[in-house]
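This is start.cif. It holds mmCIF, C-alpha atoms (C1' of nucleotides).
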data_model
loop_
_atom_site.label_atom_id
_atom_site.label_comp_id
_atom_site.auth_asym_id
_atom_site.auth_seq_id
_atom_site.Cartn_x
_atom_site.Cartn_y
_atom_site.Cartn_z
CA MET A 1 0.00 0.00 0.00
CA THR A 2 1.36 3.41 -0.95
CA THR A 3 1.69 6.32 1.43
CA ASP A 4 -1.16 8.10 -0.32
CA GLU A 5 -3.43 5.12 0.06
CA LYS A 6 -2.63 4.89 3.74
CA HIS A 7 -3.38 8.56 4.14
CA ILE A 8 -6.73 8.20 2.41
CA GLU A 9 -7.59 5.24 4.58
CA ALA A 10 -6.71 7.21 7.71
CA GLN A 11 -8.86 10.07 6.54
CA GLN A 12 -11.74 7.70 5.97
CA GLU A 13 -11.37 6.28 9.45
CA ALA A 14 -11.27 9.78 10.94
CA LYS A 15 -14.51 10.62 9.14
CA LEU A 16 -16.33 7.52 10.32
CA PHE A 17 -15.10 8.11 13.86
CA PHE A 18 -16.24 11.69 13.75
CA SER A 19 -19.75 10.96 12.52
CA ARG A 20 -20.33 8.09 14.91
CA PHE A 21 -19.13 9.71 18.13
CA LEU A 22 -20.53 13.13 17.37
CA LEU A 23 -23.97 11.65 16.79
CA GLU A 24 -23.76 9.59 19.95
CA TRP A 25 -22.76 12.66 21.96
CA TYR A 26 -25.63 14.65 20.49
CA HIS A 27 -28.25 12.15 21.44
CA LEU A 28 -27.07 12.37 25.04
CA GLN A 29 -26.29 16.09 25.28
CA LYS A 30 -28.67 17.94 22.97
CA ARG A 31 -30.44 20.93 24.45
CA ASP A 32 -34.19 21.03 24.89
CA LEU A 33 -35.15 23.83 22.49
CA PRO A 34 -38.68 24.92 21.56
CA TRP A 35 -38.31 24.04 17.87
CA ARG A 36 -36.98 20.59 18.76
CA ARG A 37 -40.18 19.62 20.56
CA HIS A 38 -42.07 18.93 17.35
CA ARG A 39 -41.07 18.17 13.83
CA ASN A 40 -43.19 20.87 12.33
CA PRO A 41 -41.47 22.14 9.17
CA TYR A 42 -42.98 25.59 9.73
CA TYR A 43 -41.43 25.77 13.20
CA ILE A 44 -38.08 24.58 11.86
CA TRP A 45 -38.20 27.18 9.14
CA ILE A 46 -39.08 30.07 11.49
CA SER A 47 -36.36 29.05 13.92
CA GLU A 48 -33.72 28.85 11.19
CA ILE A 49 -34.51 32.32 9.88
CA MET A 50 -34.38 33.75 13.41
CA LEU A 51 -31.13 31.93 14.13
CA GLN A 52 -29.31 33.58 11.22
CA GLN A 53 -26.49 35.53 12.87
CA THR A 54 -28.38 35.32 16.15
CA ARG A 55 -27.75 33.27 19.29
CA VAL A 56 -30.07 30.54 20.51
CA ASP A 57 -30.73 32.24 23.86
CA THR A 58 -31.77 35.43 22.10
CA VAL A 59 -34.09 33.62 19.71
CA ILE A 60 -36.05 31.46 22.18
CA PRO A 61 -38.47 34.12 23.49
CA TYR A 62 -38.95 35.58 20.01
CA PHE A 63 -39.69 32.15 18.59
CA ASN A 64 -42.30 31.41 21.26
CA ARG A 65 -44.08 34.71 20.76
CA PHE A 66 -43.92 34.37 16.99
CA ILE A 67 -45.53 30.96 16.70
CA GLU A 68 -48.14 31.96 19.24
CA GLN A 69 -49.08 34.97 17.16
CA PHE A 70 -48.60 33.30 13.77
CA PRO A 71 -49.25 29.58 14.40
CA THR A 72 -49.39 28.54 10.75
CA VAL A 73 -47.99 29.49 7.37
CA GLU A 74 -51.35 30.92 6.42
CA ALA A 75 -51.62 33.02 9.58
CA LEU A 76 -48.24 34.54 8.77
CA ALA A 77 -49.06 35.05 5.11
CA ASP A 78 -52.29 36.88 5.95
CA ALA A 79 -50.99 39.05 8.81
CA PRO A 80 -50.47 42.79 8.45
CA GLU A 81 -46.80 43.49 7.83
CA GLU A 82 -46.58 45.86 10.81
CA GLU A 83 -47.56 43.03 13.13
CA VAL A 84 -44.81 40.82 11.78
CA LEU A 85 -42.27 43.61 12.13
CA LYS A 86 -43.45 44.39 15.67
CA CYS A 87 -42.97 40.72 16.56
CA TRP A 88 -39.41 40.99 15.24
CA GLU A 89 -38.68 44.23 17.15
CA GLY A 90 -35.25 44.09 18.79
CA LEU A 91 -34.12 40.95 16.94
CA GLY A 92 -32.28 42.85 14.21
CA TYR A 93 -31.80 42.26 10.47
CA TYR A 94 -35.39 43.26 9.84
CA SER A 95 -35.35 42.28 6.18
CA ARG A 96 -35.52 38.73 7.53
CA ALA A 97 -39.03 39.45 8.79
CA ARG A 98 -40.18 40.95 5.54
CA ASN A 99 -38.61 38.17 3.46
CA LEU A 100 -40.13 35.59 5.78
CA GLN A 101 -43.62 36.89 5.26
CA HIS A 102 -43.05 37.11 1.51
CA ALA A 103 -41.97 33.46 1.60
CA ALA A 104 -45.04 32.53 3.64
CA LYS A 105 -47.18 33.91 0.84
CA GLN A 106 -45.11 31.85 -1.62
CA VAL A 107 -45.73 28.70 0.41
CA LYS A 108 -49.42 29.44 0.74
CA GLU A 109 -49.96 30.11 -2.93
CA LEU A 110 -47.52 27.73 -4.59
CA TYR A 111 -47.51 24.79 -2.19
CA GLY A 112 -50.90 24.87 -0.52
CA GLY A 113 -49.48 26.12 2.77
CA LEU A 114 -47.13 23.15 3.19
CA VAL A 115 -43.40 23.84 3.44
CA PRO A 116 -41.92 22.12 0.36
CA ASP A 117 -39.43 19.27 0.81
CA ASP A 118 -37.49 19.43 -2.42
CA ARG A 119 -34.27 21.34 -2.86
CA ASP A 120 -35.20 23.76 -5.62
CA ALA A 121 -38.50 24.73 -4.02
CA VAL A 122 -36.97 25.40 -0.59
CA PHE A 123 -34.06 27.31 -2.08
CA GLY A 124 -36.53 29.41 -4.02
CA LEU A 125 -38.14 30.80 -0.88
CA LYS A 126 -37.30 34.41 -0.09
CA GLY A 127 -34.67 34.66 2.64
CA VAL A 128 -33.58 31.04 2.29
CA GLY A 129 -29.96 30.64 1.24
CA PRO A 130 -27.57 27.68 1.13
CA TYR A 131 -27.39 27.20 4.89
CA THR A 132 -31.09 27.59 5.65
CA ALA A 133 -32.16 25.38 2.74
CA GLY A 134 -29.91 22.60 4.01
CA ALA A 135 -31.15 23.08 7.57
CA ILE A 136 -34.83 22.89 6.61
CA LEU A 137 -34.35 19.90 4.32
CA SER A 138 -32.29 17.94 6.81
CA ILE A 139 -33.96 18.85 10.10
CA ALA A 140 -37.57 18.95 8.94
CA PHE A 141 -37.43 16.19 6.30
CA ASN A 142 -34.25 14.27 7.17
CA ARG A 143 -32.89 14.77 3.67
CA PRO A 144 -29.12 14.23 3.35
CA GLU A 145 -28.23 17.86 2.64
CA PRO A 146 -25.36 19.71 4.33
CA ALA A 147 -26.16 22.76 6.47
CA VAL A 148 -22.95 24.72 6.79
CA ASP A 149 -22.94 27.76 9.05
CA GLY A 150 -20.23 29.46 11.07
CA ASN A 151 -20.27 26.75 13.72
CA VAL A 152 -19.86 23.98 11.18
CA MET A 153 -16.98 25.68 9.39
CA ARG A 154 -15.21 26.20 12.70
CA VAL A 155 -15.65 22.57 13.78
CA LEU A 156 -14.61 21.13 10.41
CA SER A 157 -11.67 23.50 10.00
CA ARG A 158 -10.32 22.27 13.31
CA TYR A 159 -11.11 18.57 13.11
CA PHE A 160 -9.69 18.29 9.59
CA LEU A 161 -7.14 21.10 10.01
CA ILE A 162 -8.36 23.11 7.06
CA GLU A 163 -6.61 26.47 6.81
CA ASP A 164 -8.76 28.01 4.08
CA ASP A 165 -10.18 31.44 4.93
CA ILE A 166 -13.77 30.80 6.00
CA ALA A 167 -14.71 34.35 5.00
CA LYS A 168 -14.21 33.40 1.36
CA GLY A 169 -17.04 32.03 -0.74
CA PRO A 170 -15.34 28.95 -2.18
CA THR A 171 -14.47 27.76 1.32
CA ARG A 172 -18.13 27.30 2.19
CA VAL A 173 -18.62 25.20 -0.95
CA LYS A 174 -15.65 23.03 0.02
CA MET A 175 -17.05 22.63 3.53
CA GLU A 176 -20.44 21.66 2.15
CA LYS A 177 -18.90 18.83 0.15
CA LEU A 178 -17.05 17.60 3.20
CA ALA A 179 -20.11 17.93 5.44
CA ALA A 180 -22.23 15.99 2.96
CA GLU A 181 -19.78 13.07 3.04
CA LEU A 182 -20.02 12.92 6.81
CA ILE A 183 -23.80 12.53 7.10
CA PRO A 184 -24.60 9.05 8.44
CA GLU A 185 -27.27 7.10 6.57
CA GLY A 186 -30.73 8.21 7.67
CA GLU A 187 -29.40 10.65 10.30
CA ALA A 188 -29.10 13.91 8.38
CA GLY A 189 -31.23 15.99 10.74
CA SER A 190 -29.61 14.84 13.95
CA PHE A 191 -26.12 14.92 12.49
CA ASN A 192 -26.36 18.47 11.16
CA GLN A 193 -27.75 19.68 14.45
CA ALA A 194 -25.02 17.76 16.27
CA LEU A 195 -22.37 19.57 14.26
CA MET A 196 -23.81 22.95 15.21
CA GLU A 197 -24.43 21.90 18.81
CA LEU A 198 -20.77 20.95 19.14
CA GLY A 199 -19.74 24.32 17.77
CA ALA A 200 -22.05 26.12 20.17
CA LEU A 201 -21.24 24.17 23.35
CA ILE A 202 -17.75 22.65 22.98
CA CYS A 203 -15.83 23.78 19.92
CA THR A 204 -16.33 27.48 20.68
CA PRO A 205 -14.52 30.32 18.91
CA LYS A 206 -12.24 31.15 21.83
CA SER A 207 -10.72 28.57 24.19
CA PRO A 208 -12.49 25.48 22.86
CA ARG A 209 -13.37 22.93 25.56
CA CYS A 210 -11.45 20.03 24.08
CA LEU A 211 -11.41 17.73 27.09
CA PRO A 212 -15.13 16.90 27.01
CA CYS A 213 -15.18 16.89 23.20
CA PRO A 214 -16.45 13.56 21.88
CA VAL A 215 -14.11 13.65 18.86
CA MET A 216 -10.97 15.14 20.40
CA GLU A 217 -9.07 11.88 19.89
CA HIS A 218 -8.87 12.35 16.11
CA CYS A 219 -9.07 16.13 15.91
CA ALA A 220 -6.21 17.14 13.61
CA ALA A 221 -5.92 20.66 14.97
CA ARG A 222 -5.84 19.41 18.54
CA LEU A 223 -3.23 16.80 17.67
CA ALA A 224 -1.16 19.53 16.00
CA GLY A 225 -1.74 21.92 18.89
CA CYS A 226 -3.21 24.62 16.69
CA GLU A 227 -6.90 24.47 17.59
CA ALA A 228 -6.78 27.99 19.00
CA SER A 229 -5.57 29.49 15.73
CA LEU A 230 -8.37 27.98 13.65
CA PRO A 231 -10.47 28.78 11.76
CA VAL A 232 -8.59 31.28 9.60
CA LYS A 233 -10.83 34.25 8.96
CA THR A 234 -10.06 37.70 7.58
CA LYS A 235 -11.37 40.28 9.98
CA ALA A 236 -14.18 42.64 9.07
CA LYS A 237 -13.76 46.32 8.37
CA PRO A 238 -14.53 48.43 11.43
CA PRO A 239 -17.83 50.33 11.31
CA ARG A 240 -17.72 53.98 10.27
CA PRO A 241 -18.81 56.56 12.85
CA GLU A 242 -21.78 58.85 12.24
CA GLU A 243 -22.78 61.79 14.40
CA ARG A 244 -26.48 62.62 14.36
CA MET A 245 -28.85 65.04 16.10
CA ALA A 246 -32.18 63.61 17.23
CA ALA A 247 -35.29 65.48 18.29
CA LEU A 248 -37.54 64.42 21.11
CA VAL A 249 -40.48 66.68 20.33
CA GLU A 250 -43.05 67.09 23.09
CA GLY A 251 -46.54 67.82 21.82
CA ARG A 252 -48.76 70.64 22.97
CA GLY A 253 -52.49 71.22 22.80
CA GLU A 254 -54.15 68.22 21.23
CA HIS A 255 -50.74 66.45 21.25
CA ALA A 256 -50.05 67.08 24.93
CA GLY A 257 -48.36 64.16 26.66
CA ARG A 258 -47.23 62.71 23.35
CA VAL A 259 -43.99 62.75 21.38
CA LEU A 260 -43.36 62.80 17.65
CA ILE A 261 -42.12 59.71 15.81
CA ARG A 262 -41.63 59.05 12.13
CA GLN A 263 -41.38 56.00 9.91
CA ARG A 264 -38.24 55.14 7.97
CA PRO A 265 -38.22 54.49 4.22
CA THR A 266 -39.38 51.14 2.82
CA SER A 267 -35.88 49.99 1.97
CA GLY A 268 -32.39 50.22 3.37
CA LEU A 269 -31.25 50.57 6.95
CA LEU A 270 -33.99 49.74 9.49
CA ALA A 271 -36.55 49.73 6.69
CA ARG A 272 -40.10 50.62 7.78
CA MET A 273 -39.13 50.92 11.44
CA TRP A 274 -40.25 53.90 13.53
CA GLU A 275 -37.87 56.31 15.20
CA LEU A 276 -37.34 59.73 16.69
CA PRO A 277 -36.56 62.11 13.84
CA HIS A 278 -32.83 62.69 13.45
CA TRP A 279 -30.40 64.30 11.04
CA PRO A 280 -26.69 64.36 10.34
CA ALA A 281 -24.74 66.59 12.69
CA PRO A 282 -22.30 68.95 11.01
CA PRO A 283 -18.78 67.56 10.88
CA ALA A 284 -16.78 68.38 13.96
CA GLU A 285 -14.56 71.45 13.73
CA ALA A 286 -10.96 70.84 12.80
CA GLY A 287 -9.06 69.87 15.92
CA GLY A 288 -12.26 69.18 17.84
CA ALA A 289 -12.61 65.81 19.46
CA ARG A 290 -14.84 63.39 17.57
CA GLY A 291 -18.23 63.23 19.24
CA ALA A 292 -17.85 66.67 20.74
CA LEU A 293 -21.04 68.66 20.90
CA LEU A 294 -21.51 71.73 18.82
CA PRO A 295 -21.81 74.90 20.82
CA GLU A 296 -25.31 74.73 22.28
CA ALA A 297 -26.77 77.69 20.40
CA ALA A 298 -25.37 76.54 17.08
CA ALA A 299 -26.64 73.01 17.63
CA LEU A 300 -30.12 74.21 18.50
CA ASP A 301 -30.19 76.38 15.42
CA ARG A 302 -29.02 73.63 13.15
CA LEU A 303 -31.65 71.29 14.57
CA ARG A 304 -34.39 73.88 14.24
CA ARG A 305 -33.64 74.31 10.56
CA SER A 306 -33.52 70.55 9.98
CA MET A 307 -36.92 70.15 11.60
CA SER A 308 -38.36 73.08 9.71
CA GLN A 309 -37.22 71.61 6.43
CA ALA A 310 -38.89 68.34 7.40
CA GLY A 311 -42.15 70.15 8.10
CA ILE A 312 -41.82 69.77 11.86
CA HIS A 313 -42.80 72.93 13.73
CA ALA A 314 -40.92 72.76 16.99
CA ARG A 315 -38.43 74.70 19.07
CA PRO A 316 -35.30 72.97 20.41
CA GLU A 317 -34.90 73.69 24.11
CA GLY A 318 -31.70 71.97 25.07
CA HIS A 319 -29.56 68.84 25.07
CA TRP A 320 -31.21 65.91 26.81
CA MET A 321 -28.88 62.92 26.48
CA ALA A 322 -26.59 61.01 24.17
CA ALA A 323 -27.15 57.51 22.85
CA GLU A 324 -25.08 55.09 20.79
CA HIS A 325 -26.29 52.50 18.34
CA THR A 326 -23.95 50.04 16.72
CA PHE A 327 -24.70 48.35 13.43
CA SER A 328 -22.40 45.96 11.59
CA HIS A 329 -21.07 48.74 9.38
CA ILE A 330 -22.05 52.01 11.12
CA VAL A 331 -21.89 53.45 14.62
CA TRP A 332 -24.41 56.16 15.33
CA THR A 333 -23.77 58.67 18.05
CA LEU A 334 -27.09 60.38 18.66
CA GLN A 335 -27.24 63.67 20.54
CA VAL A 336 -30.85 63.95 21.60
CA TYR A 337 -32.42 67.37 22.12
CA ARG A 338 -35.72 68.08 23.82
CA CYS A 339 -38.01 70.22 21.71
CA ARG A 340 -41.47 71.74 22.09
CA GLU A 341 -44.11 71.64 19.41
CA GLU A 342 -45.17 75.04 18.14
CA ALA A 343 -48.16 76.34 16.26
CA ALA A 344 -47.56 76.22 12.52
CA LEU A 345 -46.73 79.84 11.81
CA PRO A 346 -45.29 81.07 8.53
CA LEU A 347 -41.62 80.18 8.66
CA ALA A 348 -40.21 83.67 8.26
CA ALA A 349 -42.38 85.13 11.01
CA GLU A 350 -41.58 82.23 13.29
CA SER A 351 -37.88 82.63 12.75
CA ARG A 352 -37.80 86.33 13.51
CA ALA A 353 -40.04 86.01 16.52
CA VAL A 354 -38.33 83.13 18.24
CA TYR A 355 -34.78 82.93 16.99
CA GLY A 356 -33.56 86.45 16.72
CA ALA A 357 -31.35 86.06 19.73
CA ALA A 358 -29.80 82.80 18.65
CA GLN A 359 -29.06 84.12 15.21
CA ALA A 360 -27.36 87.20 16.64
CA GLU A 361 -25.16 84.92 18.70
CA ARG A 362 -24.33 82.77 15.71
CA ALA A 363 -23.32 85.71 13.57
CA ASP A 364 -20.20 86.48 15.57
CA GLY A 365 -18.64 83.11 15.70
CA ALA A 366 -18.26 79.51 15.00
CA LEU A 367 -20.76 78.99 12.23
CA GLY A 368 -20.32 82.18 10.28
CA ALA A 369 -20.15 80.21 7.07
CA GLN A 370 -23.59 78.70 7.52
CA PRO A 371 -26.08 79.10 4.68
CA ALA A 372 -28.42 82.05 4.77
CA GLU A 373 -31.64 81.74 6.72
CA ASP A 374 -34.20 79.53 4.98
CA ALA A 375 -31.63 78.24 2.52
CA PRO A 376 -31.56 74.45 2.16
CA LEU A 377 -29.21 72.72 4.55
CA ALA A 378 -25.82 72.09 3.09
CA LEU A 379 -25.47 68.51 1.97
CA PHE A 380 -22.57 66.57 3.30
CA ASP A 381 -21.91 62.88 3.39
CA SER A 382 -24.27 61.56 6.00
CA GLY A 383 -24.08 57.92 4.97
CA ASP A 384 -27.85 57.75 5.32
CA ALA A 385 -28.99 59.67 2.30
CA ALA A 386 -32.14 57.60 1.82
CA ALA A 387 -33.50 58.45 5.26
CA ASP A 388 -32.38 62.06 5.04
CA ALA A 389 -34.18 62.47 1.73
CA ALA A 390 -37.27 60.78 3.09
CA ASP A 391 -38.30 63.34 5.64
CA SER A 392 -41.71 63.05 4.01
CA GLY A 393 -42.25 59.71 5.79
CA ALA A 394 -45.28 59.18 8.00
CA GLN A 395 -45.30 60.93 11.39
CA ARG A 396 -47.33 60.19 14.51
CA TRP A 397 -47.79 61.59 17.98
CA ILE A 398 -47.63 58.81 20.53
CA ASN A 399 -47.69 58.18 24.27
CA ARG A 400 -46.21 55.17 26.08
CA GLU A 401 -49.28 53.08 25.47
CA ASP A 402 -49.07 53.66 21.72
CA MET A 403 -45.58 52.22 21.57
CA LYS A 404 -47.05 48.72 21.34
CA ASN A 405 -48.39 49.58 17.90
CA TYR A 406 -45.09 50.57 16.32
CA ALA A 407 -41.84 48.69 15.80
CA PHE A 408 -38.74 50.58 16.96
CA PRO A 409 -35.04 49.83 16.77
CA ASN A 410 -33.69 49.22 20.26
CA VAL A 411 -31.96 52.56 20.64
CA PHE A 412 -35.25 54.42 20.17
CA LEU A 413 -37.12 51.97 22.34
CA LYS A 414 -34.72 52.79 25.15
CA LEU A 415 -34.88 56.54 24.57
CA LEU A 416 -38.67 56.56 24.52
CA ASN A 417 -38.89 54.46 27.66
CA SER A 418 -36.40 56.72 29.42
CA TYR A 419 -38.44 59.73 28.45
CA PHE A 420 -41.77 58.33 29.57
CA ASP A 421 -40.14 57.12 32.80
CA GLU A 422 -38.86 60.62 33.41
CA GLN A 423 -42.33 62.02 32.80
CA GLY A 424 -43.91 59.42 35.03
CA THR A 425 -46.36 58.49 32.30
"C1'" DA B 1 -15.76 39.72 -4.14
"C1'" DA B 2 -17.27 43.29 -1.39
"C1'" DG B 3 -20.81 45.91 0.83
"C1'" DT B 4 -25.36 46.10 3.21
"C1'" DC B 5 -28.28 44.55 6.45
"C1'" DG B 6 -28.98 44.57 14.11
"C1'" DG B 7 -28.14 43.42 18.31
"C1'" DG B 8 -26.16 41.24 22.05
"C1'" DG B 9 -23.26 37.93 24.71
"C1'" DA B 10 -18.70 36.14 25.75
"C1'" DG B 11 -14.06 36.78 27.00
"C1'" DC C 1 -12.52 46.79 23.97
"C1'" DT C 2 -12.97 42.63 20.04
"C1'" DC C 3 -15.14 38.86 18.06
"C1'" DC C 4 -18.90 36.58 16.13
"C1'" DC C 5 -23.11 34.44 16.17
"C1'" DA C 6 -27.69 28.01 13.14
"C1'" DG C 7 -26.46 34.21 6.75
"C1'" DA C 8 -28.96 36.34 2.77
"C1'" DC C 9 -29.15 39.75 -0.57
"C1'" DT C 10 -27.41 43.30 -3.69
"C1'" DT C 11 -24.14 45.27 -6.68
#
structure tokens encoding of this file:
Amino acid sequence: MTTDEKHIEAQQEAKLFFSRFLLEWYHLQKRDLPWRRHRNPYYIWISEIMLQQTRVDTVIPYFNRFIEQFPTVEALADAPEEEVLKCWEGLGYYSRARNLQHAAKQVKELYGGLVPDDRDAVFGLKGVGPYTAGAILSIAFNRPEPAVDGNVMRVLSRYFLIEDDIAKGPTRVKMEKLAAELIPEGEAGSFNQALMELGALICTPKSPRCLPCPVMEHCAARLAGCEASLPVKTKAKPPRPEERMAALVEGRGEHAGRVLIRQRPTSGLLARMWELPHWPAPPAEAGGARGALLPEAAALDRLRRSMSQAGIHARPEGHWMAAEHTFSHIVWTLQVYRCREEAALPLAAESRAVYGAAQAERADGALGAQPAEDAPLALFDSGDAAADAADSGAQRWINREDMKNYAFPNVFLKLLNSYFDEQGT
DNA sequence: AAGTCGGGGAG
DNA sequence: CTCCCAGACTT
């Protein structure tokens, strides 16, 4: 027997060992999760969409609420979109919710409300990519399809000592071929879940717990002592910072006790979510620390003109608090100002009556180069042009009770709750 | 292939 | 702080 043949034979033995002992471990150690209590393809599907880039512990309460509110494919397909989005509030990646409902309509209309069990049909559902298709087919229907996510690539890269960059596309394809070879006959669902369970509980990104690992004995990375340096993955670009000014506008008269919110555009960042209105803050002065506040009077003036341009008649009264919101690719620093609604006077009259003093102050200093009164705000790169151009979006006056009817990103949820706590309402 | 899409938990 | 998570979609 040649050296190559011996190597291939050893590889084959390592694969059989891996599949057998991993599956055995899973049957003893698997967690009791809500979507594992039935084999309802709809439940499996919902859970897999929620679990994209999201931890199990985060998903559990969302999953339970979701299937209570939308128990069947048809219930989801027929629900108002706002209800679906509200049920997703705080979970992130909100296009998942919209795609999911779109796919529910697909299933209702094309497949009679039954989640399809063939590869092309599942892959054709909105929001279902290579991983999720494999997960649905294997877990719900026990079809021998690989389901390769971040956990699986980490486990396989270590066990087989694969040094390919898992951030690259072709690596996932390679892993899928390998994962498919490992599936034991008739055990696709359990095996794929076992692979992910090992990644979640034992073969973790940092300091893997090798001693209790059921396949440590033949783990190539462990044997080579390099398990901590795998998988190889190019690191992501850091998010770009964005300074923004937000308005917490307190209503008067018929709006007393309520604050103004607006809806974001139908596409892009936080699509269709509700928020406090906010605008780009002018770039910090040269030499000024990033995140530094503008001089108070200049900030209030800038905010007043932004609101006016958006058709919001309100007077900024002062800085309330700062808030940060981190996305994958952006970090917002929001300076929130408390404002009071005003009667809708003609703009020129309003400006002279209320802002004469502030303008006099501005004239002698920092913002001397500002555009003339009533001129459009200077455009500068805000990184959120869609939202800034969509000031025409819907607006509402709400109190705390009304919050249950609108879906907010977490940062605005926290700001609104802080405000209503402060007001004691 | 690279950028766009949230939010939070672990270390 | 950094990393990354049961990824998909767009360009």
Item checked: Matched chain/residue IDs from the PyMOL selection byres ((chain A) within 10 of (chain C)), as a PyMOL selection string -> chain A and resi 47-56+95-96+99+126-132+135+147-152+192-193+196-197+199-200+205-206+235-236
Next item on the list: Provide the CA of Gly124 (chain A) to CA of Val155 (chain A) distance in Å, to one decimal place.
Entry: 28.3 Å
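Minimum atom-to-atom distances from A:Asn399, A:Ser207, A:Gln309, A:Gln423 to chain B were compared using all atoms listed in the file, and the lowest value belongs to A:Ser207.
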Margin query: Counting all atoms listed in the file, which residues sit no farther than 9 Å from the position (-20.3, 47.4, 2.6) in the file's frame? I'd like them as a ChimeraX atom specification.
Written below: /A:237,329 /B:2-4
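CA of Tyr93 (chain A) to CA of Arg272 (chain A) spans 12.1 Å [interatomic distance, one decimal].
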I'd like a table as a tab-separated table: residues in chain B with an atom no more than 12 Å from region 402-418 of chain A, each row giving the shortest atom pair and its distance in Å to one decimal, only C-alpha atoms (C1' of nucleotides) counted, sorted by chain and rising residue number.
residue	atom	partner	partner_atom	distance
B:DG6	C1'	A:Pro409	CA	8.5
B:DG7	C1'	A:Asn410	CA	8.3
B:DG8	C1'	A:Asn410	CA	11.1
